[in-house]
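Shown next: query.pdb, given as PDB, C-alpha atoms.
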```pdb
ATOM      1  CA  MET A   1     -26.213 -25.370 -26.228
ATOM      2  CA  THR A   2     -28.540 -24.322 -23.414
ATOM      3  CA  ASP A   3     -30.693 -21.301 -24.084
ATOM      4  CA  PRO A   4     -29.740 -18.518 -21.622
ATOM      5  CA  ILE A   5     -33.323 -17.243 -21.378
ATOM      6  CA  SER A   6     -34.733 -20.630 -20.407
ATOM      7  CA  ALA A   7     -31.837 -21.256 -18.011
ATOM      8  CA  ARG A   8     -32.488 -17.905 -16.334
ATOM      9  CA  GLN A   9     -36.208 -18.584 -16.113
ATOM     10  CA  GLN A  10     -35.603 -21.995 -14.583
ATOM     11  CA  LEU A  11     -33.341 -20.421 -11.958
ATOM     12  CA  VAL A  12     -35.810 -17.687 -11.038
ATOM     13  CA  ASP A  13     -38.819 -20.031 -10.926
ATOM     14  CA  ASP A  14     -37.182 -22.391  -8.439
ATOM     15  CA  ARG A  15     -38.925 -22.373  -5.070
ATOM     16  CA  HIS A  16     -35.606 -21.960  -3.257
ATOM     17  CA  TYR A  17     -34.500 -18.961  -5.314
ATOM     18  CA  LYS A  18     -35.488 -16.474  -2.620
ATOM     19  CA  TYR A  19     -33.185 -18.274  -0.159
ATOM     20  CA  ARG A  20     -30.064 -17.783  -2.276
ATOM     21  CA  GLY A  21     -26.980 -16.429  -0.532
ATOM     22  CA  CYS A  22     -26.590 -13.382  -2.777
ATOM     23  CA  ALA A  23     -30.146 -12.191  -2.122
ATOM     24  CA  PRO A  24     -30.499  -8.774  -0.437
ATOM     25  CA  ASP A  25     -31.398  -8.653   3.228
ATOM     26  CA  GLU A  26     -34.956  -7.559   4.053
ATOM     27  CA  ASP A  27     -33.886  -5.000   6.664
ATOM     28  CA  ASP A  28     -30.796  -3.728   4.824
ATOM     29  CA  PRO A  29     -30.833  -4.257   1.031
ATOM     30  CA  THR A  30     -27.129  -3.368   0.763
ATOM     31  CA  VAL A  31     -25.929  -6.526   2.573
ATOM     32  CA  SER A  32     -26.322 -10.229   1.904
ATOM     33  CA  ALA A  33     -29.190 -12.183   3.409
ATOM     34  CA  ALA A  34     -26.822 -15.063   4.212
ATOM     35  CA  ASP A  35     -24.363 -12.896   6.157
ATOM     36  CA  PRO A  36     -25.103  -9.307   7.230
ATOM     37  CA  ASP A  37     -21.355  -8.584   7.366
ATOM     38  CA  VAL A  38     -20.946  -9.248   3.624
ATOM     39  CA  PRO A  39     -21.906  -6.417   1.223
ATOM     40  CA  LEU A  40     -24.220  -7.275  -1.628
ATOM     41  CA  ASN A  41     -21.703  -6.126  -4.248
ATOM     42  CA  THR A  42     -19.285  -8.888  -3.200
ATOM     43  CA  TRP A  43     -20.490 -11.068  -6.085
ATOM     44  CA  GLY A  44     -20.298  -8.349  -8.695
ATOM     45  CA  PRO A  45     -17.289  -6.818 -10.454
ATOM     46  CA  TYR A  46     -15.183  -4.186  -8.732
ATOM     47  CA  THR A  47     -16.550  -0.694  -9.416
ATOM     48  CA  GLY A  48     -14.256   1.444  -7.249
ATOM     49  CA  ASP A  49     -11.731   4.001  -8.409
ATOM     50  CA  GLY A  50      -8.429   2.619  -9.612
ATOM     51  CA  ALA A  51      -7.352  -0.992  -9.429
ATOM     52  CA  GLU A  52      -8.621  -3.252  -6.677
ATOM     53  CA  PRO A  53      -5.843  -4.458  -4.334
ATOM     54  CA  GLN A  54      -4.987  -8.077  -4.927
ATOM     55  CA  LYS A  55      -5.479  -9.133  -1.317
ATOM     56  CA  ALA A  56      -8.883  -7.408  -1.146
ATOM     57  CA  ARG A  57      -9.974  -9.136  -4.351
ATOM     58  CA  PHE A  58      -8.901 -12.569  -3.123
ATOM     59  CA  ASP A  59     -10.698 -12.050   0.200
ATOM     60  CA  ARG A  60     -13.856 -10.858  -1.550
ATOM     61  CA  GLU A  61     -13.907 -13.781  -3.974
ATOM     62  CA  ARG A  62     -13.211 -16.281  -1.188
ATOM     63  CA  VAL A  63     -16.167 -15.049   0.894
ATOM     64  CA  ALA A  64     -18.446 -15.066  -2.153
ATOM     65  CA  LYS A  65     -17.548 -18.665  -3.050
ATOM     66  CA  GLN A  66     -18.024 -19.812   0.538
ATOM     67  CA  ILE A  67     -21.586 -18.459   0.599
ATOM     68  CA  CYS A  68     -22.255 -19.907  -2.869
ATOM     69  CA  GLY A  69     -21.145 -23.321  -1.621
ATOM     70  CA  ARG A  70     -24.177 -23.606   0.655
ATOM     71  CA  CYS A  71     -26.667 -21.972  -1.736
ATOM     72  CA  PRO A  72     -29.787 -24.097  -2.505
ATOM     73  CA  VAL A  73     -29.805 -23.079  -6.194
ATOM     74  CA  LEU A  74     -26.075 -23.513  -6.823
ATOM     75  CA  SER A  75     -26.389 -25.911  -9.761
ATOM     76  CA  LEU A  76     -29.054 -23.862 -11.543
ATOM     77  CA  CYS A  77     -27.064 -20.656 -11.063
ATOM     78  CA  ARG A  78     -23.912 -22.298 -12.416
ATOM     79  CA  ALA A  79     -25.751 -23.665 -15.440
ATOM     80  CA  TYR A  80     -27.123 -20.217 -16.260
ATOM     81  CA  ALA A  81     -23.774 -18.453 -15.714
ATOM     82  CA  ASN A  82     -22.045 -20.787 -18.210
ATOM     83  CA  THR A  83     -24.575 -20.226 -20.999
ATOM     84  CA  THR A  84     -23.418 -18.244 -24.019
ATOM     85  CA  VAL A  85     -24.756 -15.875 -26.637
ATOM     86  CA  VAL A  86     -23.498 -15.215 -30.169
ATOM     87  CA  ASP A  87     -23.010 -11.643 -31.314
ATOM     88  CA  SER A  88     -23.540 -10.202 -34.768
ATOM     89  CA  GLU A  89     -20.029 -11.196 -35.842
ATOM     90  CA  GLY A  90     -20.577 -14.828 -34.894
ATOM     91  CA  VAL A  91     -18.364 -14.751 -31.780
ATOM     92  CA  GLU A  92     -19.603 -16.693 -28.764
ATOM     93  CA  HIS A  93     -19.578 -14.885 -25.407
ATOM     94  CA  LEU A  94     -20.662 -15.715 -21.881
ATOM     95  CA  VAL A  95     -24.033 -14.323 -20.872
ATOM     96  CA  GLU A  96     -22.504 -13.409 -17.467
ATOM     97  CA  PRO A  97     -18.878 -12.470 -18.208
ATOM     98  CA  GLU A  98     -18.161 -10.834 -14.827
ATOM     99  CA  GLY A  99     -18.618 -11.516 -11.151
ATOM    100  CA  VAL A 100     -18.954 -14.666  -9.057
ATOM    101  CA  MET A 101     -21.902 -16.867 -10.026
ATOM    102  CA  GLY A 102     -22.595 -20.493  -9.235
ATOM    103  CA  GLY A 103     -19.538 -20.637  -6.997
ATOM    104  CA  GLU A 104     -17.254 -19.925  -9.965
ATOM    105  CA  LEU A 105     -15.120 -16.938 -10.828
ATOM    106  CA  ALA A 106     -15.447 -15.186 -14.155
ATOM    107  CA  LEU A 107     -11.967 -16.454 -15.057
ATOM    108  CA  THR A 108     -13.061 -20.047 -14.416
ATOM    109  CA  ARG A 109     -16.081 -19.670 -16.674
ATOM    110  CA  HIS A 110     -13.997 -18.104 -19.434
ATOM    111  CA  ARG A 111     -11.494 -20.958 -19.261
ATOM    112  CA  ALA A 112     -14.326 -23.469 -19.517
ATOM    113  CA  LEU A 113     -15.650 -21.633 -22.584
ATOM    114  CA  ILE A 114     -12.212 -21.697 -24.211
ATOM    115  CA  ALA A 115     -11.938 -25.431 -23.480
ATOM    116  CA  ARG A 116     -15.328 -26.029 -25.125
ATOM    117  CA  ARG A 117     -14.275 -24.030 -28.169
ATOM    118  CA  HIS A 118     -11.060 -26.012 -28.406
ATOM    119  CA  ALA A 119     -12.938 -29.289 -28.075
ATOM    120  CA  ALA A 120     -15.371 -28.245 -30.796
ATOM    121  CA  THR A 121     -12.514 -27.286 -33.121
ATOM    122  CA  VAL A 122     -10.254 -30.281 -32.504
ATOM    123  CA  GLY A 123     -13.033 -32.782 -31.931
ATOM    124  CA  THR A 124     -11.764 -34.283 -28.676
ATOM    125  CA  ALA A 125     -12.489 -32.836 -25.265
ATOM    126  CA  PRO A 126      -9.695 -32.852 -22.673
ATOM    127  CA  THR A 127     -10.200 -35.347 -19.874
ATOM    128  CA  ALA A 128      -9.485 -34.835 -16.206
ATOM    129  CA  GLU A 129      -6.476 -37.172 -16.367
ATOM    130  CA  GLU A 130      -5.088 -35.453 -19.477
ATOM    131  CA  PRO A 131      -5.486 -31.671 -19.188
ATOM    132  CA  ALA A 132      -5.446 -29.520 -22.259
ATOM    133  CA  ALA A 133      -1.980 -28.643 -23.473
ATOM    134  CA  VAL A 134      -0.893 -25.134 -22.592
ATOM    135  CA  ALA A 135       0.319 -22.989 -25.448
ATOM    136  CA  VAL A 136       4.030 -22.266 -25.068
ATOM    137  CA  ARG A 137       5.435 -18.976 -26.300
ATOM    138  CA  ASP A 138       8.565 -18.432 -28.305
ATOM    139  CA  LEU A 139      11.498 -19.617 -26.196
ATOM    140  CA  SER A 140      14.186 -17.632 -27.982
ATOM    141  CA  GLU A 141      14.128 -15.046 -25.186
ATOM    142  CA  GLY A 142      14.447 -17.830 -22.625
ATOM    143  CA  ARG A 143      17.876 -18.772 -23.960
ATOM    144  CA  THR A 144      19.505 -15.462 -23.114
ATOM    145  CA  ARG A 145      22.480 -15.384 -20.780
ATOM    146  CA  GLN A 146      20.534 -13.723 -17.967
ATOM    147  CA  LYS A 147      17.649 -16.204 -17.971
ATOM    148  CA  ARG A 148      19.984 -19.181 -18.191
ATOM    149  CA  ALA A 149      21.900 -17.816 -15.216
ATOM    150  CA  VAL A 150      18.668 -17.442 -13.247
ATOM    151  CA  LEU A 151      17.602 -21.005 -14.073
ATOM    152  CA  ALA A 152      20.997 -22.419 -13.138
ATOM    153  CA  ALA A 153      20.952 -20.514  -9.851
ATOM    154  CA  LEU A 154      17.362 -21.560  -9.169
ATOM    155  CA  ALA A 155      18.329 -25.210  -9.615
ATOM    156  CA  ARG A 156      21.047 -24.952  -6.947
ATOM    157  CA  GLU A 157      19.417 -22.603  -4.427
ATOM    158  CA  THR A 158      15.989 -22.374  -2.820
ATOM    159  CA  ASP A 159      16.275 -18.971  -1.158
ATOM    160  CA  PRO A 160      15.505 -15.903  -3.322
ATOM    161  CA  GLU A 161      18.463 -13.961  -1.927
ATOM    162  CA  LEU A 162      20.887 -16.790  -2.688
ATOM    163  CA  VAL A 163      19.405 -17.241  -6.157
ATOM    164  CA  ALA A 164      20.034 -13.574  -6.916
ATOM    165  CA  TYR A 165      23.566 -13.753  -5.495
ATOM    166  CA  ARG A 166      24.489 -16.836  -7.524
ATOM    167  CA  ALA A 167      22.971 -15.367 -10.701
ATOM    168  CA  GLY A 168      25.002 -12.180 -10.248
ATOM    169  CA  MET A 169      21.962  -9.887 -10.162
ATOM    170  CA  ASP A 170      19.979  -7.949  -7.626
ATOM    171  CA  LEU A 171      16.821  -9.442  -6.131
ATOM    172  CA  ARG A 172      14.379  -7.340  -8.157
ATOM    173  CA  THR A 173      15.964  -8.246 -11.504
ATOM    174  CA  THR A 174      16.070 -11.929 -10.602
ATOM    175  CA  ASN A 175      12.395 -11.919  -9.640
ATOM    176  CA  TRP A 176      11.511 -10.278 -12.945
ATOM    177  CA  HIS A 177      13.364 -12.920 -14.969
ATOM    178  CA  ARG A 178      11.798 -15.696 -12.884
ATOM    179  CA  SER A 179       8.268 -14.409 -13.506
ATOM    180  CA  ALA A 180       9.006 -13.990 -17.206
ATOM    181  CA  LEU A 181      10.167 -17.614 -17.389
ATOM    182  CA  VAL A 182       6.996 -18.816 -15.655
ATOM    183  CA  THR A 183       4.842 -17.008 -18.224
ATOM    184  CA  MET A 184       7.079 -17.995 -21.124
ATOM    185  CA  LEU A 185       6.820 -21.696 -20.281
ATOM    186  CA  GLY A 186       3.025 -21.508 -20.071
ATOM    187  CA  LEU A 187       2.754 -22.057 -16.310
ATOM    188  CA  ASP A 188       0.273 -20.469 -13.949
ATOM    189  CA  LYS A 189       1.872 -17.763 -11.812
ATOM    190  CA  GLU A 190      -0.575 -18.371  -8.985
ATOM    191  CA  ARG A 191       0.007 -22.138  -8.686
ATOM    192  CA  ALA A 192       3.289 -23.069 -10.380
ATOM    193  CA  THR A 193       5.977 -24.444  -8.082
ATOM    194  CA  ARG A 194       9.734 -24.182  -8.368
ATOM    195  CA  ASP A 195      10.012 -27.861  -9.299
ATOM    196  CA  GLN A 196       7.465 -27.437 -12.116
ATOM    197  CA  LEU A 197       9.349 -24.441 -13.496
ATOM    198  CA  LEU A 198      12.673 -26.286 -13.529
ATOM    199  CA  THR A 199      11.091 -29.427 -15.012
ATOM    200  CA  ALA A 200       9.530 -27.387 -17.819
ATOM    201  CA  ALA A 201      12.866 -25.656 -18.426
ATOM    202  CA  VAL A 202      14.610 -29.030 -18.758
ATOM    203  CA  ASP A 203      11.899 -30.347 -21.103
ATOM    204  CA  GLN A 204      12.183 -27.276 -23.347
ATOM    205  CA  GLY A 205      15.974 -27.436 -23.451
ATOM    206  CA  LEU A 206      16.640 -24.310 -21.396
ATOM    207  CA  LEU A 207      18.541 -26.414 -18.854
ATOM    208  CA  PRO A 208      20.678 -29.493 -19.519
ATOM    209  CA  ARG A 209      19.108 -32.772 -18.441
ATOM    210  CA  SER A 210      22.195 -33.491 -16.366
ATOM    211  CA  THR A 211      21.486 -30.491 -14.126
ATOM    212  CA  ARG A 212      21.202 -31.463 -10.472
ATOM    213  CA  ILE A 213      18.155 -29.799  -8.943
ATOM    214  CA  ARG A 214      18.118 -29.145  -5.232
ATOM    215  CA  PRO A 215      14.871 -30.228  -3.514
ATOM    216  CA  ASP A 216      12.254 -27.550  -2.880
ATOM    217  CA  GLY A 217      12.197 -27.633   0.908
ATOM    218  CA  PRO A 218       9.786 -24.995   2.237
ATOM    219  CA  TRP A 219       9.767 -22.942  -0.992
ATOM    220  CA  ALA A 220       6.587 -23.897  -2.863
ATOM    221  CA  TYR A 221       6.158 -21.070  -5.355
ATOM    222  CA  ALA A 222       8.042 -20.201  -8.518
ATOM    223  CA  ALA A 223       6.704 -16.813  -9.614
ATOM    224  CA  ALA A 224       8.050 -13.609  -8.146
ATOM    225  CA  PRO A 225       6.543 -12.575  -4.812
ATOM    226  CA  THR A 226       3.895  -9.882  -4.808
ATOM    227  CA  THR A 227       4.423  -6.639  -2.934
ATOM    228  CA  ASP A 228       1.800  -7.341  -0.271
ATOM    229  CA  GLY A 229       2.702 -11.035   0.109
ATOM    230  CA  ALA A 230      -0.753 -12.320  -0.914
ATOM    231  CA  ARG A 231       0.633 -14.894  -3.354
ATOM    232  CA  GLN A 232       3.014 -16.382  -0.791
ATOM    233  CA  ARG A 233       0.361 -16.626   1.924
ATOM    234  CA  ARG A 234      -1.983 -18.435  -0.455
ATOM    235  CA  ILE A 235       0.487 -20.899  -2.029
ATOM    236  CA  ALA A 236       2.940 -21.405   0.848
ATOM    237  CA  PRO A 237       1.258 -20.252   4.062
ATOM    238  CA  GLY A 238       3.911 -21.822   6.277
ATOM    239  CA  ARG A 239       6.883 -20.007   4.760
ATOM    240  CA  PRO A 240       8.063 -16.654   6.154
ATOM    241  CA  VAL A 241       7.337 -13.824   3.762
ATOM    242  CA  GLN A 242       9.948 -11.210   2.862
ATOM    243  CA  LEU A 243       8.144  -8.267   1.309
ATOM    244  CA  ILE A 244       9.723  -6.062  -1.335
ATOM    245  CA  LEU A 245      10.022  -2.396  -0.379
ATOM    246  CA  PRO A 246      10.016  -0.221  -3.532
ATOM    247  CA  GLY A 247      12.144   2.520  -1.970
ATOM    248  CA  LEU A 248      14.746   0.226  -0.425
ATOM    249  CA  LYS A 249      17.969  -0.270  -2.358
ATOM    250  CA  ASP A 250      19.512  -3.700  -2.604
ATOM    251  CA  MET A 251      22.595  -4.494  -0.591
ATOM    252  CA  PRO A 252      25.909  -4.581  -2.500
ATOM    253  CA  ARG A 253      26.891  -7.998  -3.771
ATOM    254  CA  GLY A 254      30.671  -7.556  -3.413
ATOM    255  CA  ARG A 255      32.665 -10.270  -1.682
ATOM    256  CA  ARG A 256      33.822  -9.419   1.801
ATOM    257  CA  THR A 257      37.568  -9.678   2.520
ATOM    258  CA  PRO A 258      38.315 -10.665   6.120
ATOM    259  CA  ALA A 259      40.597  -8.247   7.939
ATOM    260  CA  ARG A 260      44.080  -9.503   8.852
ATOM    261  CA  PRO A 261      44.507  -9.994  12.567
ATOM    262  CA  GLY A 262      46.904  -7.379  13.998
ATOM    263  CA  ARG A 263      49.174  -7.431  17.053
ATOM    264  CA  LEU A 264      47.618  -6.724  20.378
ATOM    265  CA  PRO A 265      48.600  -3.310  21.832
ATOM    266  CA  ALA A 266      51.300  -3.502  24.493
ATOM    267  CA  ARG A 267      50.341  -2.620  28.047
ATOM    268  CA  ARG A 268      51.803   0.551  29.427
ATOM    269  CA  GLY A 269      53.527   0.387  32.774
ATOM    270  CA  PRO A 270      55.080  -2.507  34.678
ATOM    271  CA  ALA A 271      53.188  -5.402  36.083
ATOM    272  CA  SER A 272      53.535  -4.007  39.634
ATOM    273  CA  LEU A 273      51.118  -1.169  38.871
ATOM    274  CA  PRO A 274      48.650  -2.182  41.604
ATOM    275  CA  HIS A 275      51.418  -1.977  44.260
ATOM    276  CA  ARG A 276      52.371   1.546  43.169
ATOM    277  CA  SER A 277      48.798   2.645  43.274
ATOM    278  CA  GLY A 278      48.691   1.357  46.838
ATOM    279  CA  LEU A 279      51.758   3.438  47.744
ATOM    280  CA  ARG A 280      50.131   6.517  46.280
ATOM    281  CA  ARG A 281      47.197   6.019  48.581
ATOM    282  CA  LEU A 282      49.587   5.970  51.616
ATOM    283  CA  THR A 283      51.372   9.226  50.695
ATOM    284  CA  PRO A 284      48.840  11.593  52.380
ATOM    285  CA  VAL A 285      49.055   9.561  55.606
ATOM    286  CA  ARG A 286      52.853   9.880  55.687
ATOM    287  CA  ALA A 287      52.592  13.660  55.129
ATOM    288  CA  VAL A 288      50.333  13.977  58.176
ATOM    289  CA  LEU A 289      52.545  11.901  60.490
ATOM    290  CA  GLN A 290      55.884  13.515  59.603
ATOM    291  CA  PRO A 291      55.273  16.926  61.352
ATOM    292  CA  ARG A 292      54.632  15.121  64.658
ATOM    293  CA  ILE A 293      58.185  13.701  64.780
ATOM    294  CA  PRO A 294      60.639  16.166  66.575
ATOM    295  CA  LEU A 295      63.551  17.238  64.414
ATOM    296  CA  VAL A 296      65.710  18.989  67.176
ATOM    297  CA  PRO A 297      67.697  16.649  69.560
ATOM    298  CA  THR A 298      66.772  16.961  73.268
ATOM    299  CA  THR A 299      68.815  16.329  76.456
ATOM    300  CA  VAL A 300      68.365  12.945  77.981
ATOM    301  CA  LEU A 301      68.199  13.021  81.798
ATOM    302  CA  GLU A 302      69.785  10.095  83.599
ATOM    303  CA  PRO A 303      68.321   8.819  86.851
ATOM    304  CA  ALA A 304      69.951   9.950  90.125
ATOM    305  CA  ALA A 305      72.289   7.592  91.894
TER     306      ALA A 305
END
```
Could the structure of this file be written out as structure tokens, please?
Amino acid sequence: MTDPISARQQLVDDRHYKYRGCAPDEDDPTVSAADPDVPLNTWGPYTGDGAEPQKARFDRERVAKQICGRCPVLSLCRAYANTTVVDSEGVEHLVEPEGVMGGELALTRHRALIARRHAATVGTAPTAEEPAAVAVRDLSEGRTRQKRAVLAALARETDPELVAYRAGMDLRTTNWHRSALVTMLGLDKERATRDQLLTAAVDQGLLPRSTRIRPDGPWAYAAAPTTDGARQRRIAPGRPVQLILPGLKDMPRGRRTPARPGRLPARRGPASLPHRSGLRRLTPVRAVLQPRIPLVPTTVLEPAA
């Protein structure tokens, strides 16, 4: 095990340490020397009030790892960040348990520490071709009627709305069951696909092996969508995102009955209606001409012989 003090001293004594990306700028110590648009606290843990929005956290971590990728002391910083210390109770902890260091997230370093502990306990380290087996939770809850209905609907449909309709639930309830199944089967919510979820369900006996699974198509994620759509944009950037509005009620799932076609209403009046309308237009003209015609007979004079 590498000593954290010596690893830190080796990092600081390197001649390129002052050119690191997370160093403070000379003119403005609150921003990074590598990019003046990036605050210096980008590499540290979130210290604001409340929970950090998921999209803001992903953007912050992405920028930090991009700058770390071109850092001249990347390997030394990563070696120091993965060193551990042992507390008074004999438990091993990371010397840098938070923040982005060496181009790695704190979660990545913790997973590496857990893998080293597992390798030390079992005696064999997991290889790249054979990843460490993921612990699977109790699957008794996965055999309920609701979760089986969601899995059966997910095998036949690829659209979330159609999955909810076929399972006989609303969209929010279906998404909850789908996320619970992803966690229950030991899959990663951020990277698990629909095909992986259904394959794991078949392997664990939650779905019959004779179940016909419809191909994924454009749907590449299995966990429920997040409210702001960050998970969908990261896993399946080419798929349209339908956000969930908390205050919007789901549409009723009742089957629509087509209305019976009725008889067309009969037309009023004969077919010669245009001719009558023409006669009505001539009535005022006749009323004007009638007074000019003499009504009293007059004497007709005959020519003289």
So, with all atoms listed in the file as the atoms that count, which of A:Asp188, A:Cys22, A:Arg111, A:Pro36 lies closest to Cys71 of chain A?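 Among A:Asp188, A:Cys22, A:Arg111, A:Pro36, it is A:Cys22 that comes nearest to Cys71 of chain A.
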Name the closest residue to Phe58 of chain A among the candidates A:Val86, A:Leu40, A:Gly21, A:Val100; distances are taken between atoms, counting all atoms listed in the file.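 Of A:Val86, A:Leu40, A:Gly21, A:Val100, the one nearest Phe58 of chain A is A:Val100, counting all atoms listed in the file.
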Shell of 12 Å around segment 32-35 of chain A, all atoms listed in the file, local chain residues under 2 positions omitted, as a PyMOL selection string: chain A and resi 18-30+37-43+63-64+66-72
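Of note, atom CA of Arg62 of chain A and atom CA of Met101 of chain A are spaced 12.4 Å apart.
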Selected by the PyMOL selection byres ((chain A and resi 140) around 12) in the shown coordinates: which residues, as a list in words?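 That selection, the PyMOL selection byres ((chain A and resi 140) around 12), comes back as Val136, Arg137, Asp138, Leu139, Glu141, Gly142, Arg143, Thr144, Arg145, Lys147, Arg148, Leu181, Met184, Leu185, Gln204, Gly205 and Leu206 of chain A.
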Please write the residues picked by the PyMOL selection byres ((chain A and resi 77) around 12) on this file as a short mmCIF file (atom, residue, chain, number, x, y, z; two decimals) with C-alpha atoms, keeping the file's coordinate frame.
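Contents of the output file expr.cif:
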```cif
data_model
loop_
_atom_site.label_atom_id
_atom_site.label_comp_id
_atom_site.auth_asym_id
_atom_site.auth_seq_id
_atom_site.Cartn_x
_atom_site.Cartn_y
_atom_site.Cartn_z
CA PRO A 4 -29.74 -18.52 -21.62
CA ALA A 7 -31.84 -21.26 -18.01
CA ARG A 8 -32.49 -17.90 -16.33
CA GLN A 9 -36.21 -18.58 -16.11
CA GLN A 10 -35.60 -22.00 -14.58
CA LEU A 11 -33.34 -20.42 -11.96
CA VAL A 12 -35.81 -17.69 -11.04
CA ASP A 13 -38.82 -20.03 -10.93
CA ASP A 14 -37.18 -22.39 -8.44
CA HIS A 16 -35.61 -21.96 -3.26
CA TYR A 17 -34.50 -18.96 -5.31
CA ARG A 20 -30.06 -17.78 -2.28
CA GLY A 21 -26.98 -16.43 -0.53
CA CYS A 22 -26.59 -13.38 -2.78
CA CYS A 68 -22.26 -19.91 -2.87
CA GLY A 69 -21.14 -23.32 -1.62
CA CYS A 71 -26.67 -21.97 -1.74
CA PRO A 72 -29.79 -24.10 -2.50
CA VAL A 73 -29.80 -23.08 -6.19
CA LEU A 74 -26.08 -23.51 -6.82
CA SER A 75 -26.39 -25.91 -9.76
CA LEU A 76 -29.05 -23.86 -11.54
CA ARG A 78 -23.91 -22.30 -12.42
CA ALA A 79 -25.75 -23.66 -15.44
CA TYR A 80 -27.12 -20.22 -16.26
CA ALA A 81 -23.77 -18.45 -15.71
CA ASN A 82 -22.04 -20.79 -18.21
CA THR A 83 -24.58 -20.23 -21.00
CA GLU A 96 -22.50 -13.41 -17.47
CA VAL A 100 -18.95 -14.67 -9.06
CA MET A 101 -21.90 -16.87 -10.03
CA GLY A 102 -22.60 -20.49 -9.24
CA GLY A 103 -19.54 -20.64 -7.00
CA GLU A 104 -17.25 -19.92 -9.96
#
```
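Across A:Asp170, A:Asp49, A:Asp3, A:Glu61, the tightest approach to Leu94 of chain A is made by A:Asp3 when counting only C-alpha atoms.
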Which of these, A:Val95, A:Val150, A:Ala155, A:Val85, has the shortest distance to Trp176 of chain A once you count all atoms listed in the file?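 Using all atoms listed in the file, the shortest distance to Trp176 of chain A belongs to A:Val150.
The gap separating atom CA of Ala192 of chain A from atom CA of Arg178 of chain A is 11.5 Å, in Å to one decimal.
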Might you pull out every residue within 9 Å of Thr174 of chain A, with all atoms listed in the file counted and same-chain residues fewer than 2 positions away left off, and present them as an MDAnalysis selection string? chainID A and resid 146:147 150 160 163:164 167:172 176:179 224
Generate the output file for the selected residues, C-alpha atoms, as a PDB file, in the frame of the given file.
```pdb
ATOM      1  CA  GLN A 146      20.534 -13.723 -17.967  1.00  0.00           C
ATOM      2  CA  LYS A 147      17.649 -16.204 -17.971  1.00  0.00           C
ATOM      3  CA  VAL A 150      18.668 -17.442 -13.247  1.00  0.00           C
ATOM      4  CA  PRO A 160      15.505 -15.903  -3.322  1.00  0.00           C
ATOM      5  CA  VAL A 163      19.405 -17.241  -6.157  1.00  0.00           C
ATOM      6  CA  ALA A 164      20.034 -13.574  -6.916  1.00  0.00           C
ATOM      7  CA  ALA A 167      22.971 -15.367 -10.701  1.00  0.00           C
ATOM      8  CA  GLY A 168      25.002 -12.180 -10.248  1.00  0.00           C
ATOM      9  CA  MET A 169      21.962  -9.887 -10.162  1.00  0.00           C
ATOM     10  CA  ASP A 170      19.979  -7.949  -7.626  1.00  0.00           C
ATOM     11  CA  LEU A 171      16.821  -9.442  -6.131  1.00  0.00           C
ATOM     12  CA  ARG A 172      14.379  -7.340  -8.157  1.00  0.00           C
ATOM     13  CA  TRP A 176      11.511 -10.278 -12.945  1.00  0.00           C
ATOM     14  CA  HIS A 177      13.364 -12.920 -14.969  1.00  0.00           C
ATOM     15  CA  ARG A 178      11.798 -15.696 -12.884  1.00  0.00           C
ATOM     16  CA  SER A 179       8.268 -14.409 -13.506  1.00  0.00           C
ATOM     17  CA  ALA A 224       8.050 -13.609  -8.146  1.00  0.00           C
TER      18      ALA A 224
END
```
Between atom CA of Leu107 of chain A and atom CA of Arg194 of chain A, measure the distance and give it in Å to one decimal. 24.0 Å
